[in-house]
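Structure file structure_32.txt (compact mmCIF, N, CA and C atoms) is printed below.
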# COMPACT_ATOMS: atom_id res chain seq x y z
N MET A 28 -39.01 -60.91 -40.98
CA MET A 28 -38.14 -59.79 -40.71
C MET A 28 -37.58 -59.28 -42.03
N ALA A 29 -37.68 -57.98 -42.23
CA ALA A 29 -37.16 -57.38 -43.45
C ALA A 29 -35.66 -57.19 -43.36
N THR A 30 -35.00 -57.40 -44.47
CA THR A 30 -33.55 -57.18 -44.51
C THR A 30 -33.24 -56.17 -45.59
N ARG A 31 -32.12 -55.54 -45.45
CA ARG A 31 -31.70 -54.56 -46.45
C ARG A 31 -30.33 -54.94 -46.96
N GLY A 32 -30.10 -54.65 -48.22
CA GLY A 32 -28.79 -54.90 -48.80
C GLY A 32 -27.77 -53.91 -48.26
N ALA A 33 -26.51 -54.14 -48.56
CA ALA A 33 -25.44 -53.28 -48.07
C ALA A 33 -25.62 -51.83 -48.49
N THR A 34 -26.18 -51.61 -49.67
CA THR A 34 -26.36 -50.23 -50.13
C THR A 34 -27.75 -49.71 -49.81
N GLY A 35 -28.62 -50.54 -49.27
CA GLY A 35 -29.99 -50.12 -49.00
C GLY A 35 -30.24 -49.62 -47.60
N ASN A 36 -29.22 -49.57 -46.76
CA ASN A 36 -29.40 -49.13 -45.39
C ASN A 36 -29.38 -47.61 -45.33
N SER A 37 -30.53 -46.99 -45.32
CA SER A 37 -30.62 -45.54 -45.33
C SER A 37 -30.28 -44.94 -43.97
N LEU A 38 -30.18 -45.76 -42.93
CA LEU A 38 -29.86 -45.26 -41.60
C LEU A 38 -28.36 -45.07 -41.39
N GLU A 39 -27.57 -45.65 -42.24
CA GLU A 39 -26.12 -45.57 -42.10
C GLU A 39 -25.62 -44.22 -42.60
N ALA A 40 -24.89 -43.52 -41.74
CA ALA A 40 -24.35 -42.21 -42.13
C ALA A 40 -23.21 -42.41 -43.12
N PRO A 41 -23.11 -41.52 -44.10
CA PRO A 41 -22.02 -41.65 -45.07
C PRO A 41 -20.68 -41.37 -44.39
N LYS A 42 -19.64 -41.97 -44.91
CA LYS A 42 -18.30 -41.71 -44.39
C LYS A 42 -17.78 -40.43 -45.03
N ILE A 43 -17.42 -39.47 -44.18
CA ILE A 43 -16.91 -38.19 -44.64
C ILE A 43 -15.45 -38.08 -44.23
N ALA A 44 -14.61 -37.68 -45.16
CA ALA A 44 -13.18 -37.54 -44.88
C ALA A 44 -12.75 -36.09 -45.01
N TRP A 45 -11.79 -35.69 -44.17
CA TRP A 45 -11.19 -34.37 -44.28
C TRP A 45 -10.02 -34.47 -45.23
N ASN A 46 -10.07 -33.74 -46.32
CA ASN A 46 -8.98 -33.69 -47.29
C ASN A 46 -8.26 -32.36 -47.05
N GLU A 47 -7.28 -32.39 -46.15
CA GLU A 47 -6.59 -31.16 -45.74
C GLU A 47 -5.87 -30.50 -46.90
N THR A 48 -5.28 -31.30 -47.78
CA THR A 48 -4.52 -30.77 -48.92
C THR A 48 -5.40 -29.93 -49.84
N GLN A 49 -6.60 -30.44 -50.14
CA GLN A 49 -7.51 -29.71 -51.03
C GLN A 49 -8.49 -28.82 -50.27
N ARG A 50 -8.34 -28.77 -48.96
CA ARG A 50 -9.19 -27.96 -48.09
C ARG A 50 -10.67 -28.21 -48.36
N ARG A 51 -11.04 -29.46 -48.12
CA ARG A 51 -12.44 -29.81 -48.27
C ARG A 51 -12.78 -31.04 -47.45
N PHE A 52 -14.06 -31.22 -47.22
CA PHE A 52 -14.61 -32.42 -46.60
C PHE A 52 -15.36 -33.13 -47.71
N GLU A 53 -15.15 -34.44 -47.84
CA GLU A 53 -15.70 -35.13 -49.00
C GLU A 53 -16.18 -36.53 -48.63
N THR A 54 -17.06 -37.05 -49.47
CA THR A 54 -17.52 -38.42 -49.31
C THR A 54 -16.40 -39.36 -49.73
N GLU A 55 -16.53 -40.63 -49.37
CA GLU A 55 -15.50 -41.61 -49.71
C GLU A 55 -15.17 -41.63 -51.20
N ASP A 56 -16.20 -41.48 -52.03
CA ASP A 56 -15.96 -41.53 -53.48
C ASP A 56 -15.50 -40.18 -54.04
N LYS A 57 -15.37 -39.17 -53.17
CA LYS A 57 -14.88 -37.83 -53.52
C LYS A 57 -15.81 -37.07 -54.47
N LYS A 58 -17.04 -37.54 -54.64
CA LYS A 58 -17.96 -36.90 -55.58
C LYS A 58 -18.81 -35.80 -54.94
N ALA A 59 -19.00 -35.85 -53.63
CA ALA A 59 -19.73 -34.81 -52.92
C ALA A 59 -18.77 -34.19 -51.92
N TYR A 60 -18.83 -32.85 -51.80
CA TYR A 60 -17.85 -32.19 -50.94
C TYR A 60 -18.29 -30.78 -50.55
N VAL A 61 -17.65 -30.25 -49.52
CA VAL A 61 -17.71 -28.83 -49.18
C VAL A 61 -16.27 -28.34 -49.17
N GLU A 62 -16.06 -27.18 -49.77
CA GLU A 62 -14.73 -26.59 -49.84
C GLU A 62 -14.65 -25.38 -48.92
N TYR A 63 -13.46 -25.14 -48.38
CA TYR A 63 -13.29 -24.00 -47.50
C TYR A 63 -11.96 -23.30 -47.77
N VAL A 64 -11.87 -22.08 -47.28
CA VAL A 64 -10.66 -21.28 -47.32
C VAL A 64 -10.38 -20.86 -45.89
N LEU A 65 -9.13 -20.95 -45.47
CA LEU A 65 -8.78 -20.49 -44.13
C LEU A 65 -8.45 -19.00 -44.18
N ARG A 66 -8.96 -18.25 -43.22
CA ARG A 66 -8.75 -16.81 -43.15
C ARG A 66 -8.26 -16.45 -41.74
N GLN A 67 -7.90 -15.20 -41.56
CA GLN A 67 -7.46 -14.72 -40.24
C GLN A 67 -6.37 -15.60 -39.65
N ASP A 68 -5.32 -15.81 -40.44
CA ASP A 68 -4.18 -16.64 -39.99
C ASP A 68 -4.60 -18.04 -39.58
N GLY A 69 -5.56 -18.61 -40.30
CA GLY A 69 -5.98 -19.99 -40.06
C GLY A 69 -6.96 -20.17 -38.92
N LYS A 70 -7.51 -19.08 -38.40
CA LYS A 70 -8.43 -19.17 -37.26
C LYS A 70 -9.90 -19.13 -37.67
N VAL A 71 -10.14 -18.87 -38.95
CA VAL A 71 -11.51 -18.79 -39.46
C VAL A 71 -11.63 -19.67 -40.71
N MET A 72 -12.64 -20.54 -40.72
CA MET A 72 -12.92 -21.40 -41.86
C MET A 72 -14.07 -20.77 -42.65
N ASP A 73 -13.77 -20.36 -43.86
CA ASP A 73 -14.79 -19.78 -44.74
C ASP A 73 -15.26 -20.90 -45.67
N ILE A 74 -16.47 -21.40 -45.44
CA ILE A 74 -17.01 -22.46 -46.30
C ILE A 74 -17.55 -21.79 -47.56
N VAL A 75 -16.87 -22.01 -48.67
CA VAL A 75 -17.15 -21.26 -49.89
C VAL A 75 -17.97 -22.01 -50.94
N HIS A 76 -18.03 -23.35 -50.84
CA HIS A 76 -18.73 -24.08 -51.91
C HIS A 76 -19.13 -25.47 -51.41
N SER A 77 -20.28 -25.90 -51.85
CA SER A 77 -20.70 -27.29 -51.61
C SER A 77 -21.17 -27.88 -52.93
N PHE A 78 -20.96 -29.18 -53.08
CA PHE A 78 -21.41 -29.84 -54.30
C PHE A 78 -21.83 -31.27 -53.98
N VAL A 79 -22.99 -31.62 -54.48
CA VAL A 79 -23.48 -33.00 -54.43
C VAL A 79 -23.98 -33.32 -55.84
N PRO A 80 -23.47 -34.38 -56.47
CA PRO A 80 -23.93 -34.70 -57.83
C PRO A 80 -25.42 -35.03 -57.84
N SER A 81 -26.06 -34.76 -58.94
CA SER A 81 -27.51 -34.94 -59.04
C SER A 81 -27.93 -36.37 -58.68
N SER A 82 -27.09 -37.34 -58.96
CA SER A 82 -27.43 -38.74 -58.66
C SER A 82 -27.46 -39.02 -57.17
N LYS A 83 -26.90 -38.13 -56.36
CA LYS A 83 -26.83 -38.36 -54.92
C LYS A 83 -27.62 -37.32 -54.12
N ARG A 84 -28.34 -36.46 -54.79
CA ARG A 84 -29.11 -35.42 -54.09
C ARG A 84 -30.33 -36.02 -53.40
N GLY A 85 -30.76 -35.35 -52.34
CA GLY A 85 -31.93 -35.81 -51.60
C GLY A 85 -31.61 -36.87 -50.56
N MET A 86 -30.33 -37.16 -50.35
CA MET A 86 -29.92 -38.18 -49.39
C MET A 86 -29.35 -37.57 -48.11
N GLY A 87 -29.32 -36.24 -48.04
CA GLY A 87 -28.78 -35.58 -46.86
C GLY A 87 -27.27 -35.46 -46.84
N LEU A 88 -26.61 -35.70 -47.98
CA LEU A 88 -25.16 -35.65 -48.01
C LEU A 88 -24.61 -34.27 -47.70
N ALA A 89 -25.23 -33.23 -48.23
CA ALA A 89 -24.73 -31.87 -47.98
C ALA A 89 -24.77 -31.56 -46.49
N SER A 90 -25.82 -31.98 -45.82
CA SER A 90 -25.93 -31.77 -44.38
C SER A 90 -24.84 -32.53 -43.63
N HIS A 91 -24.60 -33.79 -44.00
CA HIS A 91 -23.54 -34.58 -43.37
C HIS A 91 -22.17 -33.93 -43.58
N LEU A 92 -21.94 -33.41 -44.76
CA LEU A 92 -20.68 -32.73 -45.05
C LEU A 92 -20.52 -31.49 -44.18
N CYS A 93 -21.59 -30.73 -44.04
CA CYS A 93 -21.56 -29.53 -43.20
C CYS A 93 -21.30 -29.89 -41.74
N VAL A 94 -21.96 -30.92 -41.25
CA VAL A 94 -21.74 -31.35 -39.87
C VAL A 94 -20.27 -31.72 -39.66
N ALA A 95 -19.68 -32.41 -40.61
CA ALA A 95 -18.26 -32.77 -40.50
C ALA A 95 -17.39 -31.51 -40.43
N ALA A 96 -17.68 -30.54 -41.29
CA ALA A 96 -16.90 -29.30 -41.30
C ALA A 96 -17.08 -28.52 -40.00
N PHE A 97 -18.32 -28.43 -39.53
CA PHE A 97 -18.60 -27.69 -38.29
C PHE A 97 -18.00 -28.40 -37.08
N ASN A 98 -18.04 -29.72 -37.06
CA ASN A 98 -17.41 -30.46 -35.96
C ASN A 98 -15.90 -30.24 -35.97
N HIS A 99 -15.31 -30.23 -37.15
CA HIS A 99 -13.88 -29.98 -37.28
C HIS A 99 -13.55 -28.58 -36.76
N ALA A 100 -14.32 -27.60 -37.17
CA ALA A 100 -14.09 -26.23 -36.72
C ALA A 100 -14.21 -26.14 -35.20
N LYS A 101 -15.22 -26.77 -34.66
CA LYS A 101 -15.43 -26.74 -33.21
C LYS A 101 -14.25 -27.36 -32.47
N SER A 102 -13.81 -28.52 -32.93
CA SER A 102 -12.72 -29.22 -32.23
C SER A 102 -11.38 -28.53 -32.40
N HIS A 103 -11.25 -27.64 -33.40
CA HIS A 103 -10.01 -26.90 -33.62
C HIS A 103 -10.15 -25.42 -33.24
N SER A 104 -11.21 -25.09 -32.53
CA SER A 104 -11.46 -23.71 -32.07
C SER A 104 -11.44 -22.69 -33.20
N LEU A 105 -12.09 -23.05 -34.32
CA LEU A 105 -12.19 -22.15 -35.46
C LEU A 105 -13.59 -21.54 -35.51
N SER A 106 -13.67 -20.33 -36.04
CA SER A 106 -14.96 -19.72 -36.34
C SER A 106 -15.27 -20.04 -37.80
N ILE A 107 -16.53 -19.88 -38.18
CA ILE A 107 -16.95 -20.20 -39.55
C ILE A 107 -17.63 -19.01 -40.21
N ILE A 108 -17.26 -18.78 -41.46
CA ILE A 108 -17.97 -17.84 -42.32
C ILE A 108 -18.73 -18.69 -43.32
N PRO A 109 -20.07 -18.60 -43.35
CA PRO A 109 -20.86 -19.43 -44.26
C PRO A 109 -21.08 -18.76 -45.63
N SER A 110 -20.02 -18.62 -46.43
CA SER A 110 -20.15 -17.97 -47.75
C SER A 110 -20.98 -18.79 -48.73
N CYS A 111 -20.94 -20.09 -48.60
CA CYS A 111 -21.72 -20.98 -49.47
C CYS A 111 -23.21 -20.78 -49.18
N SER A 112 -24.01 -20.59 -50.21
CA SER A 112 -25.44 -20.33 -50.02
C SER A 112 -26.17 -21.51 -49.38
N TYR A 113 -25.73 -22.74 -49.64
CA TYR A 113 -26.38 -23.88 -49.00
C TYR A 113 -26.20 -23.79 -47.48
N VAL A 114 -25.00 -23.47 -47.06
CA VAL A 114 -24.71 -23.39 -45.62
C VAL A 114 -25.52 -22.27 -44.98
N SER A 115 -25.49 -21.08 -45.58
CA SER A 115 -26.16 -19.93 -44.97
C SER A 115 -27.69 -19.98 -45.10
N ASP A 116 -28.19 -20.48 -46.21
CA ASP A 116 -29.64 -20.41 -46.47
C ASP A 116 -30.41 -21.68 -46.13
N THR A 117 -29.74 -22.80 -46.04
CA THR A 117 -30.42 -24.07 -45.79
C THR A 117 -29.92 -24.76 -44.52
N PHE A 118 -28.63 -25.05 -44.46
CA PHE A 118 -28.10 -25.81 -43.32
C PHE A 118 -28.28 -25.07 -41.99
N LEU A 119 -27.84 -23.82 -41.91
CA LEU A 119 -27.91 -23.11 -40.63
C LEU A 119 -29.34 -22.84 -40.16
N PRO A 120 -30.26 -22.44 -41.04
CA PRO A 120 -31.64 -22.28 -40.56
C PRO A 120 -32.25 -23.59 -40.03
N ARG A 121 -31.84 -24.73 -40.60
CA ARG A 121 -32.34 -26.03 -40.14
C ARG A 121 -31.59 -26.53 -38.90
N ASN A 122 -30.41 -25.99 -38.66
CA ASN A 122 -29.54 -26.44 -37.56
C ASN A 122 -28.99 -25.24 -36.80
N PRO A 123 -29.85 -24.45 -36.17
CA PRO A 123 -29.41 -23.19 -35.54
C PRO A 123 -28.42 -23.37 -34.39
N SER A 124 -28.30 -24.57 -33.86
CA SER A 124 -27.35 -24.78 -32.76
C SER A 124 -25.91 -24.52 -33.20
N TRP A 125 -25.63 -24.58 -34.50
CA TRP A 125 -24.29 -24.34 -35.01
C TRP A 125 -23.97 -22.85 -35.11
N ASN A 126 -24.96 -21.98 -34.94
CA ASN A 126 -24.73 -20.54 -35.07
C ASN A 126 -23.67 -20.02 -34.11
N THR A 127 -23.42 -20.74 -33.03
CA THR A 127 -22.43 -20.29 -32.05
C THR A 127 -21.01 -20.28 -32.63
N LEU A 128 -20.80 -21.01 -33.73
CA LEU A 128 -19.47 -21.05 -34.35
C LEU A 128 -19.25 -19.96 -35.40
N LEU A 129 -20.29 -19.20 -35.71
CA LEU A 129 -20.17 -18.23 -36.79
C LEU A 129 -19.25 -17.08 -36.43
N TYR A 130 -18.44 -16.71 -37.40
CA TYR A 130 -17.51 -15.59 -37.25
C TYR A 130 -18.29 -14.30 -37.17
N SER A 131 -17.84 -13.42 -36.30
CA SER A 131 -18.47 -12.11 -36.16
C SER A 131 -17.37 -11.06 -36.10
N GLU A 132 -17.62 -9.93 -36.74
CA GLU A 132 -16.65 -8.83 -36.66
C GLU A 132 -16.40 -8.45 -35.21
N ASP A 133 -17.42 -8.62 -34.36
CA ASP A 133 -17.28 -8.29 -32.94
C ASP A 133 -16.24 -9.17 -32.26
N LEU A 134 -16.04 -10.37 -32.80
CA LEU A 134 -15.08 -11.30 -32.22
C LEU A 134 -13.68 -11.10 -32.79
N LYS A 135 -13.57 -10.26 -33.80
CA LYS A 135 -12.30 -10.10 -34.50
C LYS A 135 -11.16 -9.77 -33.54
N SER A 136 -11.43 -8.97 -32.55
CA SER A 136 -10.37 -8.58 -31.62
C SER A 136 -9.89 -9.76 -30.78
N ASN A 137 -10.73 -10.80 -30.67
CA ASN A 137 -10.36 -11.99 -29.90
C ASN A 137 -9.62 -13.03 -30.73
N ILE A 138 -9.59 -12.84 -32.03
CA ILE A 138 -8.99 -13.85 -32.90
C ILE A 138 -7.54 -13.56 -33.14
Can you present the structure in this file as structure tokens?
Amino acid sequence: MATRGATGNSLEAPKIAWNETQRRFETEDKKAYVEYVLRQDGKVMDIVHSFVPSSKRGMGLASHLCVAAFNHAKSHSLSIIPSCSYVSDTFLPRNPSWNTLLYSEDLKSNI
């Protein structure tokens, strides 16, 4: 039977924390994150930036960070503006089920 070390388990999802003060979702070591700005009186989360250091790229961290942000938005009844190019050009095309949370000018009257 093969065993893996504590850091070798690729099936384990990274721990993502919500840093409300800095308005971002980040990994435990704070080196990878997505940043957001609240708009429309706090009812819209504009994801403006994502960063994963080169040493941690290719591990799916950016996707995990986005899922954390989108889950947070969903549970707090927020809409999302995907200003960050990773979110709009990579994450959403690969995960179209999240499109239901996207902010639309048509919804503005409901916000």
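Proximity of A:Arg66, A:His76, A:His99, A:Lys83 to Cys111 of chain A, computed with only C-alpha atoms, is greatest for A:His76.
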Name the residues of segment 41-96 of chain A that come out as helix (DSSP H, G or I) in a backbone DSSP run; write them as a count of residues only.
12
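Closest to Tyr130 of chain A among A:Ala44, A:Ser115, A:Val71, A:Ala89 is A:Val71, based on all atoms listed in the file.
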Using all atoms listed in the file, which residues sit within 6.5 Å of Val61 of chain A once same-chain residues fewer than 4 positions away are excluded, as a list in words?
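So the residues in contact are Arg50, Arg51, Phe52, Glu53, Val75, His76, Ser77, Phe78 and Leu92 of chain A.
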Just write the chosen residues, N, CA and C atoms, as a compact mmCIF listing (two decimals), keeping the file's coordinate frame.
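Heads up, here's the output in part_33.txt:
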# COMPACT_ATOMS: atom_id res chain seq x y z
N ARG A 50 -8.34 -28.77 -48.96
CA ARG A 50 -9.19 -27.96 -48.09
C ARG A 50 -10.67 -28.21 -48.36
N ARG A 51 -11.04 -29.46 -48.12
CA ARG A 51 -12.44 -29.81 -48.27
C ARG A 51 -12.78 -31.04 -47.45
N PHE A 52 -14.06 -31.22 -47.22
CA PHE A 52 -14.61 -32.42 -46.60
C PHE A 52 -15.36 -33.13 -47.71
N GLU A 53 -15.15 -34.44 -47.84
CA GLU A 53 -15.70 -35.13 -49.00
C GLU A 53 -16.18 -36.53 -48.63
N VAL A 75 -16.87 -22.01 -48.67
CA VAL A 75 -17.15 -21.26 -49.89
C VAL A 75 -17.97 -22.01 -50.94
N HIS A 76 -18.03 -23.35 -50.84
CA HIS A 76 -18.73 -24.08 -51.91
C HIS A 76 -19.13 -25.47 -51.41
N SER A 77 -20.28 -25.90 -51.85
CA SER A 77 -20.70 -27.29 -51.61
C SER A 77 -21.17 -27.88 -52.93
N PHE A 78 -20.96 -29.18 -53.08
CA PHE A 78 -21.41 -29.84 -54.30
C PHE A 78 -21.83 -31.27 -53.98
N LEU A 92 -21.94 -33.41 -44.76
CA LEU A 92 -20.68 -32.73 -45.05
C LEU A 92 -20.52 -31.49 -44.18
Please, what distance in Å, to one decimal, runs between atom CA of Ala100 of chain A and atom CA of Ile74 of chain A?
10.7 Å
Which one is closest to His103 of chain A: A:Lys70, A:Ala40, A:Gln49, A:Glu132? Count all atoms listed in the file.
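The shortest atom-to-atom distance to His103 of chain A comes from A:Lys70.
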As a list of chain:residue names, please: all residues of chain A that backbone DSSP puts in strand (DSSP E).
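Across chain A, those assigned strand (DSSP E) are A:Ile43, A:Ala44, A:Trp45, A:Asn46, A:Arg51, A:Phe52, A:Glu53, A:Thr54, A:Tyr60, A:Val61, A:Glu62, A:Tyr63, A:Val64, A:Leu65, A:Arg66, A:Val71, A:Met72, A:Asp73, A:Ile74, A:Val75, A:His76, A:Ser77, A:Phe78, A:Ser106, A:Ile107, A:Ile108.
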I need the chosen residues saved as a compact mmCIF listing (two decimals), in the frame of the given file, with N, CA and C atoms.
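Written file, result12.txt:
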# COMPACT_ATOMS: atom_id res chain seq x y z
N ILE A 43 -17.42 -39.47 -44.18
CA ILE A 43 -16.91 -38.19 -44.64
C ILE A 43 -15.45 -38.08 -44.23
N ALA A 44 -14.61 -37.68 -45.16
CA ALA A 44 -13.18 -37.54 -44.88
C ALA A 44 -12.75 -36.09 -45.01
N TRP A 45 -11.79 -35.69 -44.17
CA TRP A 45 -11.19 -34.37 -44.28
C TRP A 45 -10.02 -34.47 -45.23
N ASN A 46 -10.07 -33.74 -46.32
CA ASN A 46 -8.98 -33.69 -47.29
C ASN A 46 -8.26 -32.36 -47.05
N ARG A 51 -11.04 -29.46 -48.12
CA ARG A 51 -12.44 -29.81 -48.27
C ARG A 51 -12.78 -31.04 -47.45
N PHE A 52 -14.06 -31.22 -47.22
CA PHE A 52 -14.61 -32.42 -46.60
C PHE A 52 -15.36 -33.13 -47.71
N GLU A 53 -15.15 -34.44 -47.84
CA GLU A 53 -15.70 -35.13 -49.00
C GLU A 53 -16.18 -36.53 -48.63
N THR A 54 -17.06 -37.05 -49.47
CA THR A 54 -17.52 -38.42 -49.31
C THR A 54 -16.40 -39.36 -49.73
N TYR A 60 -18.83 -32.85 -51.80
CA TYR A 60 -17.85 -32.19 -50.94
C TYR A 60 -18.29 -30.78 -50.55
N VAL A 61 -17.65 -30.25 -49.52
CA VAL A 61 -17.71 -28.83 -49.18
C VAL A 61 -16.27 -28.34 -49.17
N GLU A 62 -16.06 -27.18 -49.77
CA GLU A 62 -14.73 -26.59 -49.84
C GLU A 62 -14.65 -25.38 -48.92
N TYR A 63 -13.46 -25.14 -48.38
CA TYR A 63 -13.29 -24.00 -47.50
C TYR A 63 -11.96 -23.30 -47.77
N VAL A 64 -11.87 -22.08 -47.28
CA VAL A 64 -10.66 -21.28 -47.32
C VAL A 64 -10.38 -20.86 -45.89
N LEU A 65 -9.13 -20.95 -45.47
CA LEU A 65 -8.78 -20.49 -44.13
C LEU A 65 -8.45 -19.00 -44.18
N ARG A 66 -8.96 -18.25 -43.22
CA ARG A 66 -8.75 -16.81 -43.15
C ARG A 66 -8.26 -16.45 -41.74
N VAL A 71 -10.14 -18.87 -38.95
CA VAL A 71 -11.51 -18.79 -39.46
C VAL A 71 -11.63 -19.67 -40.71
N MET A 72 -12.64 -20.54 -40.72
CA MET A 72 -12.92 -21.40 -41.86
C MET A 72 -14.07 -20.77 -42.65
N ASP A 73 -13.77 -20.36 -43.86
CA ASP A 73 -14.79 -19.78 -44.74
C ASP A 73 -15.26 -20.90 -45.67
N ILE A 74 -16.47 -21.40 -45.44
CA ILE A 74 -17.01 -22.46 -46.30
C ILE A 74 -17.55 -21.79 -47.56
N VAL A 75 -16.87 -22.01 -48.67
CA VAL A 75 -17.15 -21.26 -49.89
C VAL A 75 -17.97 -22.01 -50.94
N HIS A 76 -18.03 -23.35 -50.84
CA HIS A 76 -18.73 -24.08 -51.91
C HIS A 76 -19.13 -25.47 -51.41
N SER A 77 -20.28 -25.90 -51.85
CA SER A 77 -20.70 -27.29 -51.61
C SER A 77 -21.17 -27.88 -52.93
N PHE A 78 -20.96 -29.18 -53.08
CA PHE A 78 -21.41 -29.84 -54.30
C PHE A 78 -21.83 -31.27 -53.98
N SER A 106 -13.67 -20.33 -36.04
CA SER A 106 -14.96 -19.72 -36.34
C SER A 106 -15.27 -20.04 -37.80
N ILE A 107 -16.53 -19.88 -38.18
CA ILE A 107 -16.95 -20.20 -39.55
C ILE A 107 -17.63 -19.01 -40.21
N ILE A 108 -17.26 -18.78 -41.46
CA ILE A 108 -17.97 -17.84 -42.32
C ILE A 108 -18.73 -18.69 -43.32
I'd like the contact shell of Leu129 of chain A - 6 Å cut-off, all atoms listed in the file, skipping same-chain residues fewer than 6 positions apart - returned as a PyMOL selection string.
chain A and resi 106-108
Atom C of Trp45 of chain A and atom C of Tyr113 of chain A are how many Å apart?
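Separation of atom C of Trp45 of chain A and atom C of Tyr113 of chain A: 19.5 Å.
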Of the residues A:Leu88, A:Ser124, A:Ile43, A:Ala96, which is the one nearest to Glu55 of chain A, using only C-alpha atoms?
A:Ile43
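Candidate residues A:Gln67, A:Ser82, A:Ser102, A:Ser90 were compared for distance to Phe118 of chain A, and the nearest is A:Ser90, using only C-alpha atoms.
Interatomic distance, atom CA of Pro80 of chain A to atom CA of Phe97 of chain A: 21.4 Å.
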Segment 48-58 of chain A: axis-aligned bounding box, 5 Å on each side, centre and edge lengths in Å, one decimal, as lines of an AutoDock Vina configuration file:
center_x = -11.7
center_y = -34.8
center_z = -51.1
size_x = 24.3
size_y = 23.7
size_z = 19.0
